[in-house]
>>> print(open('start.pdb').read())   # PDB, C-alpha atoms and all ligand atoms
ATOM      1  CA  MET A   1     -84.677  59.629-107.636  1.00  0.00           C
ATOM      2  CA  THR A   2     -86.356  62.519-105.855  1.00  0.00           C
ATOM      3  CA  VAL A   3     -84.489  64.934-103.588  1.00  0.00           C
ATOM      4  CA  HIS A   4     -86.262  67.581-101.535  1.00  0.00           C
ATOM      5  CA  LEU A   5     -84.137  70.644-100.722  1.00  0.00           C
ATOM      6  CA  ARG A   6     -85.220  72.484 -97.597  1.00  0.00           C
ATOM      7  CA  GLY A   7     -84.041  75.707 -95.996  1.00  0.00           C
ATOM      8  CA  ASP A   8     -84.871  79.416 -95.902  1.00  0.00           C
ATOM      9  CA  LEU A   9     -84.364  81.828 -98.781  1.00  0.00           C
ATOM     10  CA  GLY A  10     -80.618  82.167 -99.177  1.00  0.00           C
ATOM     11  CA  ALA A  11     -79.844  78.895 -97.419  1.00  0.00           C
ATOM     12  CA  GLY A  12     -77.967  77.665-100.486  1.00  0.00           C
ATOM     13  CA  LYS A  13     -80.393  75.296-102.237  1.00  0.00           C
ATOM     14  CA  THR A  14     -79.778  76.605-105.770  1.00  0.00           C
ATOM     15  CA  THR A  15     -76.050  76.782-105.125  1.00  0.00           C
ATOM     16  CA  LEU A  16     -76.067  73.143-104.039  1.00  0.00           C
ATOM     17  CA  VAL A  17     -77.863  72.115-107.246  1.00  0.00           C
ATOM     18  CA  ARG A  18     -75.269  74.080-109.224  1.00  0.00           C
ATOM     19  CA  GLY A  19     -72.524  72.226-107.363  1.00  0.00           C
ATOM     20  CA  ILE A  20     -74.157  68.853-108.025  1.00  0.00           C
ATOM     21  CA  LEU A  21     -74.409  69.661-111.755  1.00  0.00           C
ATOM     22  CA  ARG A  22     -70.784  70.840-111.863  1.00  0.00           C
ATOM     23  CA  GLY A  23     -69.764  67.674-110.027  1.00  0.00           C
ATOM     24  CA  LEU A  24     -71.562  65.610-112.658  1.00  0.00           C
ATOM     25  CA  GLY A  25     -69.659  67.416-115.405  1.00  0.00           C
ATOM     26  CA  TYR A  26     -72.265  69.908-116.608  1.00  0.00           C
ATOM     27  CA  GLU A  27     -70.468  73.075-117.734  1.00  0.00           C
ATOM     28  CA  GLY A  28     -73.383  75.213-118.940  1.00  0.00           C
ATOM     29  CA  ARG A  29     -75.255  77.923-117.126  1.00  0.00           C
ATOM     30  CA  VAL A  30     -77.277  76.869-114.065  1.00  0.00           C
ATOM     31  CA  LYS A  31     -80.112  79.328-113.487  1.00  0.00           C
ATOM     32  CA  SER A  32     -82.511  79.436-110.569  1.00  0.00           C
ATOM     33  CA  PRO A  33     -85.922  78.103-111.660  1.00  0.00           C
ATOM     34  CA  THR A  34     -87.708  80.597-109.377  1.00  0.00           C
ATOM     35  CA  PHE A  35     -89.659  82.105-112.283  1.00  0.00           C
ATOM     36  CA  THR A  36     -89.856  79.086-114.579  1.00  0.00           C
ATOM     37  CA  LEU A  37     -90.691  76.417-111.918  1.00  0.00           C
ATOM     38  CA  LEU A  38     -88.427  74.007-113.789  1.00  0.00           C
ATOM     39  CA  GLU A  39     -84.990  73.945-115.403  1.00  0.00           C
ATOM     40  CA  PRO A  40     -84.315  70.675-117.244  1.00  0.00           C
ATOM     41  CA  TYR A  41     -80.817  69.256-117.820  1.00  0.00           C
ATOM     42  CA  ASN A  42     -80.152  66.386-120.173  1.00  0.00           C
ATOM     43  CA  PHE A  43     -76.512  65.443-120.579  1.00  0.00           C
ATOM     44  CA  SER A  44     -74.414  62.264-120.553  1.00  0.00           C
ATOM     45  CA  ARG A  45     -77.465  59.951-120.326  1.00  0.00           C
ATOM     46  CA  LEU A  46     -78.757  61.855-117.331  1.00  0.00           C
ATOM     47  CA  TYR A  47     -82.179  63.466-116.997  1.00  0.00           C
ATOM     48  CA  LEU A  48     -81.952  65.926-114.145  1.00  0.00           C
ATOM     49  CA  TYR A  49     -84.827  68.265-113.355  1.00  0.00           C
ATOM     50  CA  HIS A  50     -84.444  71.235-111.024  1.00  0.00           C
ATOM     51  CA  PHE A  51     -87.741  72.529-109.621  1.00  0.00           C
ATOM     52  CA  ASP A  52     -88.410  75.574-107.468  1.00  0.00           C
ATOM     53  CA  PHE A  53     -91.963  75.879-106.098  1.00  0.00           C
ATOM     54  CA  TYR A  54     -91.392  79.086-104.137  1.00  0.00           C
ATOM     55  CA  ARG A  55     -93.801  81.048-106.312  1.00  0.00           C
ATOM     56  CA  PHE A  56     -96.148  78.146-106.763  1.00  0.00           C
ATOM     57  CA  LEU A  57     -99.835  79.114-106.481  1.00  0.00           C
ATOM     58  CA  ASP A  58    -102.255  76.179-106.536  1.00  0.00           C
ATOM     59  CA  SER A  59    -102.290  72.472-107.170  1.00  0.00           C
ATOM     60  CA  GLN A  60    -104.209  72.838-110.453  1.00  0.00           C
ATOM     61  CA  GLU A  61    -101.362  75.012-111.756  1.00  0.00           C
ATOM     62  CA  LEU A  62     -99.004  72.261-110.677  1.00  0.00           C
ATOM     63  CA  GLU A  63    -100.962  69.568-112.529  1.00  0.00           C
ATOM     64  CA  ASP A  64    -101.140  71.846-115.599  1.00  0.00           C
ATOM     65  CA  THR A  65     -97.363  71.862-115.852  1.00  0.00           C
ATOM     66  CA  GLY A  66     -97.544  68.109-116.459  1.00  0.00           C
ATOM     67  CA  PHE A  67     -94.833  67.819-113.836  1.00  0.00           C
ATOM     68  CA  ARG A  68     -95.656  64.191-112.994  1.00  0.00           C
ATOM     69  CA  GLU A  69     -94.076  62.899-116.170  1.00  0.00           C
ATOM     70  CA  TYR A  70     -90.733  64.294-114.990  1.00  0.00           C
ATOM     71  CA  PHE A  71     -90.775  61.894-112.054  1.00  0.00           C
ATOM     72  CA  ASN A  72     -89.806  58.547-113.551  1.00  0.00           C
ATOM     73  CA  PRO A  73     -87.243  55.811-112.944  1.00  0.00           C
ATOM     74  CA  GLN A  74     -84.784  57.437-115.393  1.00  0.00           C
ATOM     75  CA  SER A  75     -84.782  60.910-113.850  1.00  0.00           C
ATOM     76  CA  VAL A  76     -83.273  62.758-110.917  1.00  0.00           C
ATOM     77  CA  CYS A  77     -85.558  65.493-109.559  1.00  0.00           C
ATOM     78  CA  LEU A  78     -84.109  68.136-107.231  1.00  0.00           C
ATOM     79  CA  ILE A  79     -86.861  70.239-105.662  1.00  0.00           C
ATOM     80  CA  GLU A  80     -86.631  73.562-103.841  1.00  0.00           C
ATOM     81  CA  TRP A  81     -89.630  74.457-101.624  1.00  0.00           C
ATOM     82  CA  PRO A  82     -91.329  71.023-101.849  1.00  0.00           C
ATOM     83  CA  GLU A  83     -93.491  72.070 -98.878  1.00  0.00           C
ATOM     84  CA  LYS A  84     -95.273  74.581-101.155  1.00  0.00           C
ATOM     85  CA  ALA A  85     -96.448  71.904-103.585  1.00  0.00           C
ATOM     86  CA  PRO A  86     -98.610  69.318-101.821  1.00  0.00           C
ATOM     87  CA  GLY A  87     -98.956  66.014-103.624  1.00  0.00           C
ATOM     88  CA  LEU A  88     -95.361  65.792-104.845  1.00  0.00           C
ATOM     89  CA  PRO A  89     -93.854  62.324-105.046  1.00  0.00           C
ATOM     90  CA  PRO A  90     -92.171  61.434-101.743  1.00  0.00           C
ATOM     91  CA  ALA A  91     -88.479  62.130-101.337  1.00  0.00           C
ATOM     92  CA  ASP A  92     -85.768  59.490-101.496  1.00  0.00           C
ATOM     93  CA  LEU A  93     -83.505  62.053 -99.845  1.00  0.00           C
ATOM     94  CA  ASP A  94     -84.256  65.161 -97.825  1.00  0.00           C
ATOM     95  CA  ILE A  95     -81.517  67.761 -97.647  1.00  0.00           C
ATOM     96  CA  GLU A  96     -81.915  70.586 -95.150  1.00  0.00           C
ATOM     97  CA  LEU A  97     -79.558  73.565 -95.343  1.00  0.00           C
ATOM     98  CA  HIS A  98     -78.716  76.097 -92.630  1.00  0.00           C
ATOM     99  CA  VAL A  99     -76.516  79.173 -92.720  1.00  0.00           C
ATOM    100  CA  ILE A 100     -73.578  78.905 -90.339  1.00  0.00           C
ATOM    101  CA  ALA A 101     -70.723  81.339 -89.815  1.00  0.00           C
ATOM    102  CA  GLU A 102     -68.264  79.937 -92.337  1.00  0.00           C
ATOM    103  CA  GLY A 103     -70.703  78.601 -94.905  1.00  0.00           C
ATOM    104  CA  ARG A 104     -73.577  76.163 -94.772  1.00  0.00           C
ATOM    105  CA  ALA A 105     -74.519  73.137 -92.702  1.00  0.00           C
ATOM    106  CA  MET A 106     -76.490  70.344 -94.302  1.00  0.00           C
ATOM    107  CA  ALA A 107     -78.547  67.532 -92.802  1.00  0.00           C
ATOM    108  CA  ILE A 108     -79.355  64.663 -95.147  1.00  0.00           C
ATOM    109  CA  THR A 109     -82.054  62.101 -94.406  1.00  0.00           C
ATOM    110  CA  ALA A 110     -82.699  59.011 -96.516  1.00  0.00           C
ATOM    111  CA  HIS A 111     -86.292  57.752 -96.706  1.00  0.00           C
ATOM    112  CA  THR A 112     -85.967  54.890 -99.190  1.00  0.00           C
ATOM    113  CA  GLU A 113     -83.528  52.173-100.202  1.00  0.00           C
ATOM    114  CA  VAL A 114     -82.332  54.273-103.165  1.00  0.00           C
ATOM    115  CA  GLY A 115     -81.811  57.202-100.815  1.00  0.00           C
ATOM    116  CA  ARG A 116     -79.888  55.052 -98.334  1.00  0.00           C
ATOM    117  CA  ARG A 117     -77.571  53.749-101.060  1.00  0.00           C
ATOM    118  CA  CYS A 118     -76.867  57.302-102.191  1.00  0.00           C
ATOM    119  CA  LEU A 119     -76.213  58.467 -98.627  1.00  0.00           C
ATOM    120  CA  ASP A 120     -73.901  55.498 -98.016  1.00  0.00           C
ATOM    121  CA  LYS A 121     -71.801  56.586-101.016  1.00  0.00           C
ATOM    122  CA  LEU A 122     -71.600  60.129 -99.672  1.00  0.00           C
ATOM    123  CA  THR A 123     -70.435  59.014 -96.254  1.00  0.00           C
ATOM    124  CA  ASP A 124     -67.977  56.325 -97.416  1.00  0.00           C
TER     125      ASP A 124
HETATM  126  N1  LIG B   1     -72.085  76.780 -99.161  1.00  0.00           N
HETATM  127  C1  LIG B   1     -72.094  78.118 -99.281  1.00  0.00           C
HETATM  128  N2  LIG B   1     -71.109  78.864 -98.744  1.00  0.00           N
HETATM  129  C2  LIG B   1     -71.129  80.201 -98.867  1.00  0.00           C
HETATM  130  N3  LIG B   1     -72.078  80.907 -99.515  1.00  0.00           N
HETATM  131  C3  LIG B   1     -73.082  80.224-100.060  1.00  0.00           C
HETATM  132  C4  LIG B   1     -73.152  78.796 -99.983  1.00  0.00           C
HETATM  133  N4  LIG B   1     -74.289  78.377-100.612  1.00  0.00           N
HETATM  134  C5  LIG B   1     -74.885  79.495-101.069  1.00  0.00           C
HETATM  135  N5  LIG B   1     -74.182  80.600-100.750  1.00  0.00           N
HETATM  136  C6  LIG B   1     -74.563  81.975-101.099  1.00  0.00           C
HETATM  137  O1  LIG B   1     -75.825  82.289-100.521  1.00  0.00           O
HETATM  138  C7  LIG B   1     -76.625  83.050-101.426  1.00  0.00           C
HETATM  139  C8  LIG B   1     -77.963  82.390-101.631  1.00  0.00           C
HETATM  140  O2  LIG B   1     -77.760  81.112-102.215  1.00  0.00           O
HETATM  141  P1  LIG B   1     -78.888  80.351-103.031  1.00  0.00           P
HETATM  142  O3  LIG B   1     -78.275  79.073-103.460  1.00  0.00           O
HETATM  143  O4  LIG B   1     -79.471  81.235-104.072  1.00  0.00           O
HETATM  144  O5  LIG B   1     -79.987  80.098-101.892  1.00  0.00           O
HETATM  145  P2  LIG B   1     -81.461  79.479-102.015  1.00  0.00           P
HETATM  146  O6  LIG B   1     -81.592  78.809-103.349  1.00  0.00           O
HETATM  147  O7  LIG B   1     -81.565  78.510-100.860  1.00  0.00           O
HETATM  148  O8  LIG B   1     -82.416  80.626-101.835  1.00  0.00           O
HETATM  149  C9  LIG B   1     -75.809  83.199-102.705  1.00  0.00           C
HETATM  150  O9  LIG B   1     -75.200  84.473-102.696  1.00  0.00           O
HETATM  151  C10 LIG B   1     -74.763  82.119-102.599  1.00  0.00           C
HETATM  152  O10 LIG B   1     -73.570  82.462-103.245  1.00  0.00           O
HETATM  153 MG    MG B   2     -83.055  78.971-104.824  1.00  0.00          MG
END
>>> encode(input="start.pdb", output="C-alpha cells")
Amino acid sequence: MTVHLRGDLGAGKTTLVRGILRGLGYEGRVKSPTFTLLEPYNFSRLYLYHFDFYRFLDSQELEDTGFREYFNPQSVCLIEWPEKAPGLPPADLDIELHVIAEGRAMAITAHTEVGRRCLDKLTD
C-alpha cells in the first residue's frame, strides 16, 4: 500500500508516521528520513518504508536508490513530499495535513480499492 503525505514543512507528516508506527506497536526510535531519503521498519511481519523526498534532486538519483523494489504487495510505503519525485507509484491514499489552532487538520482521499477499505476502517 502506498500513502502520499502532503503538507508544508512543519505540517506534521513525520509526526503522523511516528504515530502510525507507535499505533502498530513499534517502540524504537522514529527518525525523519530527510537526509537519508528512506527509513525502513521491519517488525511483526510488517515491511513499512518511510520516505522523504524533500531534498530529492533528480530522477536518476531516485532510480539509483533502487526505490522501486520497496513498492511491492507486502509493503506499506509512507511518502513525504511525493510531489518532488515524479514517477512514484500512484497513491492508494493521499493524506493532506494543515496546521490549525489546536493541532492539525487532515484530509484523507482514497484512490484505489485498498485505499477505500483502509479509509472505511478509519471512519467506522
Ligand atoms: N498533530 C499535531 N499537534 C501538535 N503539534 C504537532 C502535530 N503534528 C506535528 N506537530 C509538531 O509540528 C512540528 C513539525 O512536525 P513534523 O512532523 O516534523 O512536520 P513535517 O514532517 O510535516 O515537516 C513538530 O514540532 C511537531 O511536534
Ligand atoms: Mg517531515
>>> resolve_selection(input="start.pdb", expression="the PyMOL selection byres (((not hetatm)) within 7 of (chain B and resi 1))", output="number ranges by chain")
A: 7-16, 103-104
>>> closest_residue(input="start.pdb", among="A:Leu88, A:Val30, A:Leu93, A:Leu62", to="ligand MG 2 (chain B)", atoms="only C-alpha atoms and all ligand atoms")
A:Val30
>>> resolve_selection(input="start.pdb", expression="the PyMOL selection byres (((chain A and resi 89) around 8) and not hetatm)", output="NGL selection string")
:A and (2 or 71 or 87-88 or 90-91)
>>> resolve_selection(input="start.pdb", expression="the PyMOL selection byres (((chain A and resi 73) around 12) and not hetatm)", output="number ranges by chain")
A: 1-2, 46-48, 68-72, 74-77, 114
>>> atom_distance(input="start.pdb", atom1="CA of Tyr49 in chain A", atom2="CA of Asp124 in chain A")
26.1 Å
>>> atom_distance(input="start.pdb", atom1="CA of His98 in chain A", atom2="CA of Val17 in chain A")
15.2 Å
>>> closest_residue(input="start.pdb", among="A:Arg29, A:Arg117, A:His50, A:Arg45", to="ligand MG 2 (chain B)", atoms="all atoms listed in the file")
A:His50
>>> closest_residue(input="start.pdb", among="A:Pro33, A:Leu24, A:Leu119, A:Asp94", to="Ala107 in chain A", atoms="all atoms listed in the file")
A:Asp94
>>> atom_distance(input="start.pdb", atom1="CA of Arg116 in chain A", atom2="CA of Asp92 in chain A")
8.0 Å
>>> axis_aligned_box(input="start.pdb", around="range 100-107 of chain A", padding_each_side="8 Å", output="lines of an AutoDock Vina configuration file")
center_x = -73.4
center_y = 74.4
center_z = -92.4
size_x = 26.3
size_y = 29.8
size_z = 21.1
>>> residues_near_point(input="start.pdb", point="(-98.1, 71.0, -100.3)", cutoff="10 Å", atoms="only C-alpha atoms", output="list in words")
Phe53, Phe56, Asp58, Ser59, Trp81, Pro82, Glu83, Lys84, Ala85, Pro86, Gly87 and Leu88 of chain A
>>> closest_residue(input="start.pdb", among="A:Glu27, A:Glu80, A:Glu102, A:Glu61", to="ligand MG 2 (chain B)", atoms="only C-alpha atoms and all ligand atoms")
A:Glu80
